[in-house]
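final-v2.tsv follows; it contains TSV, C-alpha atoms and all ligand atoms.
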```tsv
chain	number	residue	atom	x	y	z
A	1	PHE	CA	28.37	50.18	13.48
A	2	GLY	CA	28.33	50.18	9.73
A	3	GLN	CA	31.41	52.46	9.47
A	4	LYS	CA	32.53	49.66	7.23
A	5	LEU	CA	29.61	48.77	5.00
A	6	VAL	CA	29.80	46.20	2.25
A	7	TYR	CA	26.79	46.77	0.02
A	8	LYS	CA	25.81	44.41	-2.77
A	9	GLU	CA	22.83	44.57	-5.08
A	10	GLU	CA	22.32	40.84	-5.02
A	11	VAL	CA	23.73	38.02	-2.89
A	12	THR	CA	22.82	34.44	-2.04
A	13	SER	CA	22.49	35.47	1.60
A	14	THR	CA	24.19	38.28	3.52
A	15	GLN	CA	24.83	35.67	6.25
A	16	GLU	CA	27.14	33.73	3.93
A	17	GLU	CA	29.01	36.91	2.93
A	18	ALA	CA	29.42	37.95	6.57
A	19	HIS	CA	30.60	34.44	7.57
A	20	LYS	CA	33.29	34.61	4.88
A	21	LEU	CA	34.46	38.03	6.04
A	22	ALA	CA	34.41	36.99	9.71
A	23	GLY	CA	36.60	34.01	8.83
A	24	LYS	CA	39.11	36.46	7.34
A	25	ASN	CA	39.45	38.43	10.59
A	26	GLU	CA	37.17	41.26	9.52
A	27	PRO	CA	36.74	43.52	12.62
A	28	GLU	CA	33.48	43.79	14.51
A	29	GLY	CA	30.92	46.32	13.42
A	30	THR	CA	31.26	45.48	9.72
A	31	VAL	CA	27.87	45.33	8.01
A	32	VAL	CA	27.06	43.39	4.84
A	33	ALA	CA	23.84	44.64	3.25
A	34	ALA	CA	21.99	43.68	0.10
A	35	ASP	CA	19.00	44.83	-1.87
A	36	LYS	CA	18.07	41.30	-2.88
A	37	GLN	CA	18.91	37.82	-1.55
A	38	LEU	CA	18.48	34.78	-3.74
A	39	GLN	CA	18.40	32.40	-0.79
A	40	GLY	CA	17.55	34.45	2.28
A	41	ARG	CA	17.60	32.21	5.33
A	42	GLY	CA	15.28	32.31	8.33
A	43	ARG	CA	15.27	30.57	11.68
A	44	LEU	CA	14.84	26.81	11.81
A	45	ASP	CA	16.08	26.39	8.22
A	46	ARG	CA	13.17	28.29	6.75
A	47	PRO	CA	13.47	30.47	3.66
A	48	TRP	CA	13.18	34.24	4.11
A	49	VAL	CA	11.45	36.19	1.32
A	50	SER	CA	14.00	38.88	0.34
A	51	ALA	CA	13.06	40.49	-2.96
A	52	SER	CA	14.52	43.69	-4.30
A	53	GLY	CA	13.38	47.23	-3.53
A	54	THR	CA	11.13	46.75	-0.53
A	55	GLY	CA	13.13	45.54	2.42
A	56	LEU	CA	16.58	45.67	3.80
A	57	TRP	CA	18.64	42.60	4.41
A	58	PHE	CA	21.87	42.85	6.33
A	59	SER	CA	24.25	40.97	8.59
A	60	ILE	CA	26.59	42.43	11.16
A	61	ILE	CA	29.77	40.90	12.54
A	62	LEU	CA	30.33	41.15	16.31
A	63	ARG	CA	33.22	39.79	18.34
A	64	PRO	CA	32.19	39.81	22.00
A	65	ASP	CA	34.52	38.01	24.39
A	66	ILE	CA	31.90	35.53	25.64
A	67	ARG	CA	31.32	31.80	25.94
A	68	PRO	CA	29.31	30.08	23.18
A	69	GLN	CA	26.42	29.29	25.54
A	70	ASN	CA	25.90	33.04	26.06
A	71	ALA	CA	25.48	33.79	22.37
A	72	PRO	CA	21.63	33.61	22.55
A	73	GLN	CA	21.84	36.75	24.69
A	74	LEU	CA	22.86	38.62	21.55
A	75	THR	CA	19.74	37.40	19.76
A	76	LEU	CA	17.60	38.97	22.47
A	77	LEU	CA	19.78	42.09	22.38
A	78	ALA	CA	19.22	42.34	18.63
A	79	ALA	CA	15.45	42.02	19.13
A	80	VAL	CA	15.47	44.94	21.59
A	81	ALA	CA	17.64	47.02	19.26
A	82	VAL	CA	15.55	46.35	16.15
A	83	THR	CA	12.31	47.11	18.02
A	84	GLU	CA	13.62	50.40	19.36
A	85	GLY	CA	15.35	51.30	16.10
A	86	ILE	CA	12.10	50.85	14.16
A	87	ALA	CA	10.12	52.76	16.79
A	88	ASN	CA	12.54	55.72	16.81
A	89	ALA	CA	12.58	56.08	13.04
A	90	SER	CA	8.93	55.35	12.25
A	91	GLY	CA	6.83	56.18	15.30
A	92	LEU	CA	5.30	52.68	15.06
A	93	GLN	CA	5.53	50.52	18.20
A	94	PRO	CA	6.60	46.97	17.39
A	95	ARG	CA	6.47	44.19	19.98
A	96	ILE	CA	8.69	41.14	20.39
A	97	LYS	CA	7.59	37.54	20.21
A	98	TRP	CA	10.03	35.08	21.77
A	99	PRO	CA	12.78	34.71	20.90
A	100	ASN	CA	13.21	37.44	18.32
A	101	ASP	CA	10.30	38.00	15.96
A	102	ILE	CA	9.41	41.66	15.60
A	103	LEU	CA	5.67	42.14	15.22
A	104	LEU	CA	3.28	44.94	14.32
A	105	ASN	CA	-0.39	44.09	14.84
A	106	GLU	CA	0.70	40.54	15.63
A	107	LYS	CA	2.23	40.10	12.19
A	108	LYS	CA	5.93	39.76	11.56
A	109	THR	CA	7.72	42.80	10.16
A	110	ALA	CA	11.32	41.90	10.94
A	111	GLY	CA	13.29	38.77	11.70
A	112	ILE	CA	16.66	38.07	13.25
A	113	LEU	CA	18.96	35.12	12.69
A	114	THR	CA	22.00	34.77	14.96
A	115	GLU	CA	24.82	32.40	14.07
A	116	MET	CA	28.33	32.09	15.43
A	117	GLN	CA	31.83	30.94	14.71
A	118	SER	CA	33.39	29.62	17.87
A	119	ASP	CA	35.99	27.49	19.62
A	120	PRO	CA	34.74	25.09	22.28
A	121	ASP	CA	34.97	27.72	25.01
A	122	ARG	CA	35.20	31.11	23.27
A	123	VAL	CA	33.15	32.88	20.62
A	124	GLN	CA	35.16	34.02	17.59
A	125	ALA	CA	32.38	35.91	15.86
A	126	VAL	CA	28.64	36.33	16.12
A	127	ILE	CA	26.85	37.05	12.86
A	128	ILE	CA	23.52	38.77	13.40
A	129	GLY	CA	21.32	38.77	10.31
A	130	ILE	CA	18.43	41.21	10.25
A	131	GLY	CA	15.62	41.27	7.72
A	132	LEU	CA	13.41	44.36	7.71
A	133	ASN	CA	10.16	44.31	5.75
A	134	ILE	CA	9.84	48.03	5.05
A	135	ASN	CA	7.83	48.98	1.97
A	136	HIS	CA	6.14	45.73	0.92
A	137	ASP	CA	2.54	45.97	-0.22
A	138	LYS	CA	0.00	43.36	0.71
A	139	ASP	CA	0.35	41.29	-2.45
A	140	HIS	CA	4.05	40.90	-1.88
A	141	PHE	CA	3.87	37.90	0.42
A	142	PRO	CA	2.87	34.42	-0.74
A	143	PRO	CA	-0.73	33.53	0.27
A	144	GLU	CA	0.35	31.33	3.18
A	145	LEU	CA	2.24	34.26	4.75
A	146	GLN	CA	-0.36	36.99	4.24
A	147	SER	CA	-1.95	36.54	7.64
A	148	LYS	CA	1.44	36.27	9.34
A	149	ALA	CA	3.72	38.82	7.67
A	150	THR	CA	3.54	42.57	7.24
A	151	SER	CA	5.74	45.58	6.52
A	152	LEU	CA	6.24	48.98	8.13
A	153	ALA	CA	4.43	50.69	5.22
A	154	LEU	CA	1.44	48.35	5.47
A	155	GLU	CA	1.11	49.27	9.16
A	156	ASN	CA	1.49	52.96	8.26
A	157	ASN	CA	-1.55	53.24	5.95
A	158	GLY	CA	0.58	52.32	2.96
A	159	THR	CA	2.92	55.31	3.30
A	160	ALA	CA	6.47	54.26	2.48
A	161	PHE	CA	9.58	54.88	4.58
A	162	HIS	CA	13.14	55.64	3.49
A	163	ARG	CA	14.93	52.35	3.88
A	164	ALA	CA	18.23	54.06	4.75
A	165	ASP	CA	16.60	55.97	7.66
A	166	ILE	CA	15.18	52.83	9.21
A	167	THR	CA	18.42	50.92	8.75
A	168	ALA	CA	20.55	53.72	10.23
A	169	SER	CA	18.24	53.91	13.24
A	170	VAL	CA	18.43	50.13	13.80
A	171	LEU	CA	22.24	50.22	13.57
A	172	ARG	CA	22.42	53.12	16.05
A	173	SER	CA	20.23	51.26	18.47
A	174	LEU	CA	22.26	48.05	18.04
A	175	GLU	CA	25.44	49.96	18.79
A	176	TYR	CA	23.87	51.47	21.93
A	177	TRP	CA	22.62	48.14	23.29
A	178	TYR	CA	25.83	46.31	22.43
A	179	GLY	CA	27.81	48.94	24.34
A	180	THR	CA	25.44	48.58	27.32
A	181	TYR	CA	25.89	44.81	27.19
A	182	LEU	CA	29.69	44.94	27.05
A	183	THR	CA	29.99	47.36	29.96
A	184	GLY	CA	27.04	46.34	32.14
A	185	GLY	CA	26.25	42.74	31.22
A	186	PHE	CA	22.99	41.15	30.13
A	187	GLY	CA	20.71	42.39	32.96
A	188	ALA	CA	19.57	45.67	31.39
A	189	VAL	CA	19.03	44.01	28.01
A	190	ARG	CA	16.95	41.28	29.57
A	191	ARG	CA	14.76	43.74	31.49
A	192	ARG	CA	14.11	45.80	28.35
A	193	TRP	CA	13.42	42.64	26.35
A	194	GLU	CA	10.81	41.55	28.91
A	195	GLU	CA	9.11	44.98	28.69
A	196	LEU	CA	8.93	44.83	24.91
A	197	ALA	CA	7.90	41.17	24.64
A	198	ASP	CA	4.26	40.16	24.36
A	199	THR	CA	5.10	36.55	25.12
A	200	ILE	CA	5.85	37.08	28.81
A	201	GLY	CA	2.87	37.01	31.17
A	202	ASN	CA	0.65	35.20	28.69
A	203	HIS	CA	-0.65	31.70	28.25
A	204	VAL	CA	1.37	30.24	25.36
A	205	ARG	CA	1.93	27.05	23.40
A	206	ALA	CA	5.51	26.27	22.39
A	207	VAL	CA	5.71	23.85	19.50
A	208	SER	CA	9.01	22.24	18.60
A	209	ARG	CA	10.00	19.22	16.56
A	210	PHE	CA	10.17	17.18	19.77
A	211	LYS	CA	7.18	18.27	21.81
A	212	THR	CA	4.48	20.82	22.54
A	213	VAL	CA	4.49	22.59	25.89
A	214	GLU	CA	1.54	24.68	27.05
A	215	GLY	CA	1.38	27.02	30.01
A	216	TYR	CA	2.12	30.45	31.43
A	217	ALA	CA	5.23	32.20	30.06
A	218	GLU	CA	7.00	33.34	33.23
A	219	GLY	CA	10.09	35.00	31.80
A	220	ILE	CA	13.48	34.26	30.33
A	221	THR	CA	16.67	33.11	31.97
A	222	ASP	CA	20.06	34.76	31.58
A	223	ASP	CA	20.73	32.35	28.72
A	224	GLY	CA	17.64	33.50	26.83
A	225	VAL	CA	15.74	30.30	27.61
A	226	LEU	CA	11.96	30.71	27.90
A	227	LEU	CA	10.38	29.43	31.13
A	228	ILE	CA	6.86	28.01	30.86
A	229	LYS	CA	4.90	27.07	33.97
A	230	GLN	CA	2.62	24.15	33.17
A	231	LYS	CA	-0.78	23.35	34.72
A	232	ASP	CA	0.77	20.90	37.18
A	233	GLY	CA	3.18	23.61	38.38
A	234	THR	CA	6.32	22.22	36.77
A	235	ILE	CA	8.53	24.65	34.92
A	236	GLU	CA	9.68	23.69	31.47
A	237	LYS	CA	12.70	25.31	29.79
A	238	ILE	CA	12.21	26.05	26.08
A	239	TYR	CA	15.38	26.41	24.01
A	240	SER	CA	13.95	26.46	20.51
A	241	ALA	CA	10.31	26.45	19.37
A	242	ASP	CA	7.54	28.40	17.71
A	243	ILE	CA	5.14	30.17	20.02
A	244	ASP	CA	1.40	30.15	19.16
B	301	LIG	C1	13.63	34.66	10.99
B	301	LIG	O1	12.81	35.35	11.58
B	301	LIG	O2	13.33	33.52	10.63
B	301	LIG	C2	14.99	35.24	10.71
B	301	LIG	C3	15.06	35.97	9.41
B	301	LIG	C4	16.42	36.59	9.16
B	301	LIG	C5	16.55	37.19	7.78
B	301	LIG	C6	17.83	37.93	7.62
B	301	LIG	S1	17.85	38.90	6.14
B	301	LIG	C7	19.55	39.20	6.33
B	301	LIG	C8	20.18	37.91	6.81
B	301	LIG	N1	20.52	37.06	5.68
B	301	LIG	C9	19.78	35.93	5.66
B	301	LIG	O3	19.87	35.04	4.79
B	301	LIG	N2	18.96	35.90	6.72
B	301	LIG	C10	19.10	37.10	7.56
```
Can you present the structure in this file as structure tokens?
Amino acid sequence: FGQKLVYKEEVTSTQEEAHKLAGKNEPEGTVVAADKQLQGRGRLDRPWVSASGTGLWFSIILRPDIRPQNAPQLTLLAAVAVTEGIANASGLQPRIKWPNDILLNEKKTAGILTEMQSDPDRVQAVIIGIGLNINHDKDHFPPELQSKATSLALENNGTAFHRADITASVLRSLEYWYGTYLTGGFGAVRRRWEELADTIGNHVRAVSRFKTVEGYAEGITDDGVLLIKQKDGTIEKIYSADID
């Protein structure tokens, strides 16, 4: 991946750039990266802080031959790949919080946003956006995020990393897991995700716009849905929520 790399100093969002390229039949594996995003986007319509010089913001175009309902599998795949890519390049050991937050010391150090272009029954393109907080110092984040967000350098006693090394490692790991997925299906990805995820096996609270569900996180389904066993024994399927 990244053999074709479109690098821009400043963009609105690398997601928008990648969507445009995907609409023009750009082949899979193309990466759009930027040093700064003016309107970085996070999950659930949240903004993503993406200033210049400290992080790396990129989006990758994939074209798996899958049905739209299987696209969340690629979100979990990306979480595995980013976790392993960071670990290989830095020696730090991030953990995953469902569905795809990458945490160090329970604070977020990378985020993933998966979007797709699709027909009713076939995916045309999946755009995976990855934001890596690499060399931010502690004053970088707005006060409301300071207890929730971190960077690789902050978790490495302030010693900075080369952004290109981390990014190359994440892309290598993405390419490996995507290949495994295309040849062997989702099973291996799901097992690795469950090993790397702190959510599974714990008592959790899933808060969405519609409801709050509390209980024991049993695992994920093949669609990437989180299964929570409630006190009364019923199992609730969680498609989209924040986990406390
Ligand atoms: C999240 O955890 O909420 C997802 C954050 C995803 C951020 C990345 S940075 C590169 C790409 N471009 C965007 O606008 N968002 C994603």
| Hey, can you check how far CA of Glu155 in chain A sits from atom C5 of ligand LIG 301 (chain B)? | 19.7 Å
| query | Which residues form the shell of 10 Å around ligand LIG 301 (chain B) when you count only C-alpha atoms and all ligand atoms, given as a ChimeraX atom specification? | reply | /A:11-18,32-50,55-60,99-102,108-115,127-133
| message | To one decimal place in Å, what is the distance between CA of His203 in chain A and CA of Glu218 in chain A? | response |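 That distance, rounded to one decimal, is 9.3 Å.
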| Which residue of A:Ala188, A:Leu196, A:Val126, A:Ile220 approaches Tyr176 in chain A most closely, using only C-alpha atoms |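 Once distances to Tyr176 in chain A are computed over only C-alpha atoms, the minimum belongs to A:Ala188.
For Ser118 in chain A, the residues within 12 Å (counting all atoms listed in the file, excluding itself and residues fewer than 2 positions away along the chain) are A:His19, A:Ala22, A:Gly23, A:Arg63, A:Pro64, A:Asp65, A:Ile66, A:Arg67, A:Pro68, A:Gln69, A:Asn70, A:Ala71, A:Glu115, A:Met116, A:Pro120, A:Asp121, A:Arg122, A:Val123, A:Gln124, A:Ala125, A:Val126, A:Ile127.
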| message | Just to confirm, what's the straight-line distance from CA of Arg172 in chain A to CA of Thr83 in chain A in Å (one decimal)? | response | 11.9 Å
| Top pick for closest residue to Ile200 in chain A, considering A:Asn105, A:Lys138, A:Lys97, A:Thr180 and counting only C-alpha atoms | A:Lys97
Which residues come within 10 Å of Gly158 in chain A, counting all atoms listed in the file, excluding same-chain residues fewer than 4 positions away, as a PDB file with C-alpha atoms, in the frame of the given file?
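Here's the written file part-v1.pdb:
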```
ATOM      1  CA  ASN A 135       7.830  48.980   1.970  1.00  0.00           C
ATOM      2  CA  HIS A 136       6.140  45.730   0.920  1.00  0.00           C
ATOM      3  CA  ASP A 137       2.540  45.970  -0.220  1.00  0.00           C
ATOM      4  CA  LYS A 138       0.000  43.360   0.710  1.00  0.00           C
ATOM      5  CA  SER A 151       5.740  45.580   6.520  1.00  0.00           C
ATOM      6  CA  LEU A 152       6.240  48.980   8.130  1.00  0.00           C
ATOM      7  CA  ALA A 153       4.430  50.690   5.220  1.00  0.00           C
ATOM      8  CA  LEU A 154       1.440  48.350   5.470  1.00  0.00           C
TER       9      LEU A 154
END
```
| query | Which residues, written as a PyMOL selection string, have at least one atom at most 8 Å from Trp98 in chain A, with all atoms listed in the file counted and residues fewer than 5 positions away on the same chain left out? | reply | chain A and resi 197+199+226+243
| Neighbour list for Ser147 in chain A as number ranges by chain, cut-off 10 Å, all atoms listed in the file, skip fewer than 3 positions in-chain | A: 106-108, 138, 141-144, 150
